[in-house]
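Chemist: Once you've had a glance at the structure underneath, I'll fire off some questions.
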Amino acid sequence: MPKIASEKTEGIQSVVLALSILEALSDARGHLGVTALAESLGTTKSRIHRHLQTLVQQGYIVQSPLTERYRLGSKLIKLGNAAISSSDIASIASQPMRALRDRCDQAVILGQVEEGGIRIVTTFSGNAAVEVGVRPGSALEFSTSAQGKMAMAFMSEAHRDRILERPLPEATPYSVTDPDTLRQHLAEIRERGWADAPNETAVGLNALAFPVLGASGELAGTLAIVGLTQFIQTPPDPDQIRAVGATAQEISTALGYQGPLPGNWH
């Protein structure tokens, strides 16, 4: 382990050491003791022991009562499953998204929720003469996009409150900037199961979004078609709603979600 240069870096070095311990236990594929970990990571046994106790308390590693050695804990399995779902969602969604594009002719985009908004993971260009879409890697605001409002409707109340406590951006004159109005919109989205945002990200643009749910019912991402307001109207065509909803259902089922997606859109 690199030496700690100052108190300012101590917290960072502690995180690095904790992660190094987890990686060492993973590479060992078995139980390791304090001495072996200290020698492997080039630090003292007392320092290793402190970090091990913290990791045990948090459920990330387990200590054998017989050998007093350590192994990875069940909490890391949960994190690993989440990482697998995150990395696989684009490949799982690829064929259903392509079929949705061919059915609706509009661009289809898949996004994942981040702390500050929706990150676009993958897109399929539409078949219309005028190309409308969102580039992969782009970030969308929560309150001005259909995907973002869908995420807000199904995220934890604490996360939603953090967003609503901040000034809401005004991307266009049609953007919702009043928190109470937005709360009402989110309640309607939860009831019907889909979201749109006509002219809110850009004038003349609309999107129709559904949630993609994981095995535990968590919000794994958002699926949407994007196009000009003349092609995705307000409210959207019932056939478009059913098509996007059925595709989001298909992807969610492939991720392990059981049961119908929420809302009265069926």
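As shown in the structure tokens, the chain order sets the letters A, B, ...; within each chain, residues go from 1, and ligands are also counted from 1 in the order they appear.
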Please provide the set of residues having any atom within 10 Å of Pro235 (chain A), restricted to only C-alpha atoms, with same-chain residues fewer than 5 positions apart removed, written as a PyMOL selection string.

Modeler: chain A and resi 195-198+208+241

Chemist: Which polymer residues have any atom within 10 Å of an atom of Ala254 (chain A), counting only C-alpha atoms, with same-chain residues fewer than 3 positions away left out, as a list in words?

Modeler: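 The residues satisfying every condition are Ile89, Ile92, Ala93, Leu213, Gly214, Ala215, Ala248, Gln249, Glu250, Ile251, Tyr257 and Gln258 of chain A.
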
Chemist: Can those selected residues be exported to a file as a PDB file, in the first residue's frame so that it contains all heavy atoms?

Modeler:
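selection_17.pdb was written with the following content:
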ATOM      1  N   ILE A  89     -28.005  -5.176 -19.375  1.00  0.00           N
ATOM      2  CA  ILE A  89     -29.298  -4.646 -19.788  1.00  0.00           C
ATOM      3  C   ILE A  89     -29.285  -4.216 -21.249  1.00  0.00           C
ATOM      4  O   ILE A  89     -30.271  -4.423 -21.965  1.00  0.00           O
ATOM      5  CB  ILE A  89     -29.732  -3.481 -18.863  1.00  0.00           C
ATOM      6  CG1 ILE A  89     -31.174  -3.064 -19.199  1.00  0.00           C
ATOM      7  CG2 ILE A  89     -28.770  -2.313 -18.945  1.00  0.00           C
ATOM      8  CD1 ILE A  89     -31.741  -2.073 -18.207  1.00  0.00           C
ATOM      9  N   ILE A  92     -29.491  -7.395 -23.408  1.00  0.00           N
ATOM     10  CA  ILE A  92     -30.807  -8.010 -23.249  1.00  0.00           C
ATOM     11  C   ILE A  92     -31.865  -7.211 -24.001  1.00  0.00           C
ATOM     12  O   ILE A  92     -32.782  -7.765 -24.604  1.00  0.00           O
ATOM     13  CB  ILE A  92     -31.166  -8.116 -21.752  1.00  0.00           C
ATOM     14  CG1 ILE A  92     -30.298  -9.195 -21.082  1.00  0.00           C
ATOM     15  CG2 ILE A  92     -32.641  -8.422 -21.547  1.00  0.00           C
ATOM     16  CD1 ILE A  92     -30.452  -9.255 -19.586  1.00  0.00           C
ATOM     17  N   ALA A  93     -31.723  -5.887 -23.967  1.00  0.00           N
ATOM     18  CA  ALA A  93     -32.738  -5.016 -24.565  1.00  0.00           C
ATOM     19  C   ALA A  93     -32.567  -4.837 -26.067  1.00  0.00           C
ATOM     20  O   ALA A  93     -33.483  -4.325 -26.735  1.00  0.00           O
ATOM     21  CB  ALA A  93     -32.702  -3.649 -23.891  1.00  0.00           C
ATOM     22  N   LEU A 213     -37.857  -2.730 -15.085  1.00  0.00           N
ATOM     23  CA  LEU A 213     -37.671  -3.171 -13.700  1.00  0.00           C
ATOM     24  C   LEU A 213     -36.809  -4.426 -13.639  1.00  0.00           C
ATOM     25  O   LEU A 213     -36.865  -5.287 -14.514  1.00  0.00           O
ATOM     26  CB  LEU A 213     -39.033  -3.438 -13.036  1.00  0.00           C
ATOM     27  CG  LEU A 213     -40.010  -2.258 -13.024  1.00  0.00           C
ATOM     28  CD1 LEU A 213     -41.294  -2.639 -12.297  1.00  0.00           C
ATOM     29  CD2 LEU A 213     -39.378  -1.027 -12.393  1.00  0.00           C
ATOM     30  N   GLY A 214     -36.018  -4.522 -12.562  1.00  0.00           N
ATOM     31  CA  GLY A 214     -35.161  -5.675 -12.348  1.00  0.00           C
ATOM     32  C   GLY A 214     -35.838  -6.753 -11.526  1.00  0.00           C
ATOM     33  O   GLY A 214     -37.029  -6.669 -11.195  1.00  0.00           O
ATOM     34  N   ALA A 215     -35.068  -7.774 -11.160  1.00  0.00           N
ATOM     35  CA  ALA A 215     -35.618  -8.957 -10.500  1.00  0.00           C
ATOM     36  C   ALA A 215     -36.300  -8.638  -9.181  1.00  0.00           C
ATOM     37  O   ALA A 215     -37.289  -9.271  -8.806  1.00  0.00           O
ATOM     38  CB  ALA A 215     -34.512  -9.988 -10.288  1.00  0.00           C
ATOM     39  N   ALA A 248     -41.082  -2.804 -22.832  1.00  0.00           N
ATOM     40  CA  ALA A 248     -40.519  -2.630 -21.501  1.00  0.00           C
ATOM     41  C   ALA A 248     -40.824  -3.843 -20.624  1.00  0.00           C
ATOM     42  O   ALA A 248     -39.989  -4.278 -19.826  1.00  0.00           O
ATOM     43  CB  ALA A 248     -41.069  -1.361 -20.858  1.00  0.00           C
ATOM     44  N   GLN A 249     -42.023  -4.411 -20.786  1.00  0.00           N
ATOM     45  CA  GLN A 249     -42.391  -5.618 -20.058  1.00  0.00           C
ATOM     46  C   GLN A 249     -41.495  -6.786 -20.464  1.00  0.00           C
ATOM     47  O   GLN A 249     -41.013  -7.552 -19.608  1.00  0.00           O
ATOM     48  CB  GLN A 249     -43.852  -5.964 -20.342  1.00  0.00           C
ATOM     49  CG  GLN A 249     -44.341  -7.242 -19.668  1.00  0.00           C
ATOM     50  CD  GLN A 249     -44.614  -7.035 -18.194  1.00  0.00           C
ATOM     51  OE1 GLN A 249     -45.545  -6.326 -17.827  1.00  0.00           O
ATOM     52  NE2 GLN A 249     -43.799  -7.651 -17.347  1.00  0.00           N
ATOM     53  N   GLU A 250     -41.241  -6.935 -21.747  1.00  0.00           N
ATOM     54  CA  GLU A 250     -40.396  -8.018 -22.253  1.00  0.00           C
ATOM     55  C   GLU A 250     -38.977  -7.921 -21.689  1.00  0.00           C
ATOM     56  O   GLU A 250     -38.397  -8.931 -21.250  1.00  0.00           O
ATOM     57  CB  GLU A 250     -40.361  -7.981 -23.782  1.00  0.00           C
ATOM     58  CG  GLU A 250     -39.516  -9.078 -24.407  1.00  0.00           C
ATOM     59  CD  GLU A 250     -39.478  -8.986 -25.921  1.00  0.00           C
ATOM     60  OE1 GLU A 250     -40.200  -8.141 -26.497  1.00  0.00           O
ATOM     61  OE2 GLU A 250     -38.720  -9.760 -26.542  1.00  0.00           O
ATOM     62  N   ILE A 251     -38.426  -6.709 -21.693  1.00  0.00           N
ATOM     63  CA  ILE A 251     -37.066  -6.524 -21.177  1.00  0.00           C
ATOM     64  C   ILE A 251     -37.035  -6.770 -19.673  1.00  0.00           C
ATOM     65  O   ILE A 251     -36.121  -7.422 -19.143  1.00  0.00           O
ATOM     66  CB  ILE A 251     -36.555  -5.113 -21.509  1.00  0.00           C
ATOM     67  CG1 ILE A 251     -36.493  -4.921 -23.025  1.00  0.00           C
ATOM     68  CG2 ILE A 251     -35.180  -4.871 -20.887  1.00  0.00           C
ATOM     69  CD1 ILE A 251     -36.248  -3.489 -23.455  1.00  0.00           C
ATOM     70  N   TYR A 257     -37.749  -9.791 -13.625  1.00  0.00           N
ATOM     71  CA  TYR A 257     -38.930  -9.222 -12.975  1.00  0.00           C
ATOM     72  C   TYR A 257     -40.140 -10.108 -13.254  1.00  0.00           C
ATOM     73  O   TYR A 257     -40.338 -10.587 -14.368  1.00  0.00           O
ATOM     74  CB  TYR A 257     -39.191  -7.812 -13.492  1.00  0.00           C
ATOM     75  CG  TYR A 257     -40.433  -7.165 -12.915  1.00  0.00           C
ATOM     76  CD1 TYR A 257     -40.461  -6.736 -11.595  1.00  0.00           C
ATOM     77  CD2 TYR A 257     -41.574  -6.998 -13.697  1.00  0.00           C
ATOM     78  CE1 TYR A 257     -41.602  -6.149 -11.062  1.00  0.00           C
ATOM     79  CE2 TYR A 257     -42.710  -6.404 -13.173  1.00  0.00           C
ATOM     80  CZ  TYR A 257     -42.724  -5.985 -11.860  1.00  0.00           C
ATOM     81  OH  TYR A 257     -43.858  -5.411 -11.328  1.00  0.00           O
ATOM     82  N   GLN A 258     -40.955 -10.314 -12.219  1.00  0.00           N
ATOM     83  CA  GLN A 258     -42.147 -11.154 -12.346  1.00  0.00           C
ATOM     84  C   GLN A 258     -43.390 -10.300 -12.145  1.00  0.00           C
ATOM     85  O   GLN A 258     -43.437  -9.467 -11.264  1.00  0.00           O
ATOM     86  CB  GLN A 258     -42.120 -12.299 -11.329  1.00  0.00           C
ATOM     87  CG  GLN A 258     -40.953 -13.264 -11.533  1.00  0.00           C
ATOM     88  CD  GLN A 258     -40.975 -14.401 -10.542  1.00  0.00           C
ATOM     89  OE1 GLN A 258     -41.740 -14.423  -9.604  1.00  0.00           O
ATOM     90  NE2 GLN A 258     -40.099 -15.385 -10.767  1.00  0.00           N
TER      91      GLN A 258
END

Chemist: At what distance in Å, to one decimal, does CA of Ile118 (chain A) lie from CA of Ser138 (chain A)?

Modeler: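 Going from CA of Ser138 (chain A) over to CA of Ile118 (chain A), I get 8.2 Å.
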
Chemist: Which of region 162-240 of chain A counts as helix (DSSP H, G or I) under DSSP, as an NGL selection string please?

Modeler: :A and (162-165 or 179-192 or 238-240)

Chemist: From the set A:Thr67, A:Ser74, A:Ser125, A:Ser20, which residue has the shortest atom-to-atom contact distance to His51 (chain A), counting only C-alpha atoms?

Modeler: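 So, comparing all the options, the nearest one is A:Ser20.
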
Chemist: Counting only C-alpha atoms, which residue out of A:Ala90, A:Ile77, A:Leu52, A:Val226 sits closest to Ser14 (chain A)?

Modeler: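 Between A:Ala90, A:Ile77, A:Leu52, A:Val226, the residue approaching Ser14 (chain A) most closely is A:Leu52.
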
Chemist: Neighbouring residues of Pro262 (chain A) were defined as those with any atom within 8 Å, considering only C-alpha atoms; residues of the same chain fewer than 5 positions away were excluded. Please report them as a list of chain:residue names.

Modeler: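 The contact residues come out as A:Arg190, A:Glu191, A:Arg192, A:Gly193.
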
Chemist: Keeping only N, CA and C atoms, write those residues as a short mmCIF file (atom, residue, chain, number, x, y, z; two decimals), in the first residue's frame.

Modeler:
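Just written: out-v5.cif:
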data_model
loop_
_atom_site.label_atom_id
_atom_site.label_comp_id
_atom_site.auth_asym_id
_atom_site.auth_seq_id
_atom_site.Cartn_x
_atom_site.Cartn_y
_atom_site.Cartn_z
N ARG A 190 -47.40 7.51 -12.14
CA ARG A 190 -47.47 6.25 -11.39
C ARG A 190 -48.79 5.52 -11.64
N GLU A 191 -49.87 6.28 -11.76
CA GLU A 191 -51.18 5.66 -11.97
C GLU A 191 -51.30 5.04 -13.35
N ARG A 192 -50.82 5.73 -14.37
CA ARG A 192 -51.00 5.22 -15.74
C ARG A 192 -49.83 4.34 -16.18
N GLY A 193 -48.63 4.54 -15.59
CA GLY A 193 -47.50 3.67 -15.89
C GLY A 193 -46.58 4.16 -16.98
#

Chemist: Have a look at CA of Leu228 (chain A) and CA of Pro179 (chain A) and let me know their distance in Å, one decimal.

Modeler: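 Taking CA of Leu228 (chain A) and CA of Pro179 (chain A), their separation equals 26.5 Å.
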
Chemist: Ranking A:Ala128, A:Ala171, A:Cys104, A:Ile232 by minimum distance to Val203 (chain A) and counting only C-alpha atoms, which one comes first?

Modeler: A:Ala171
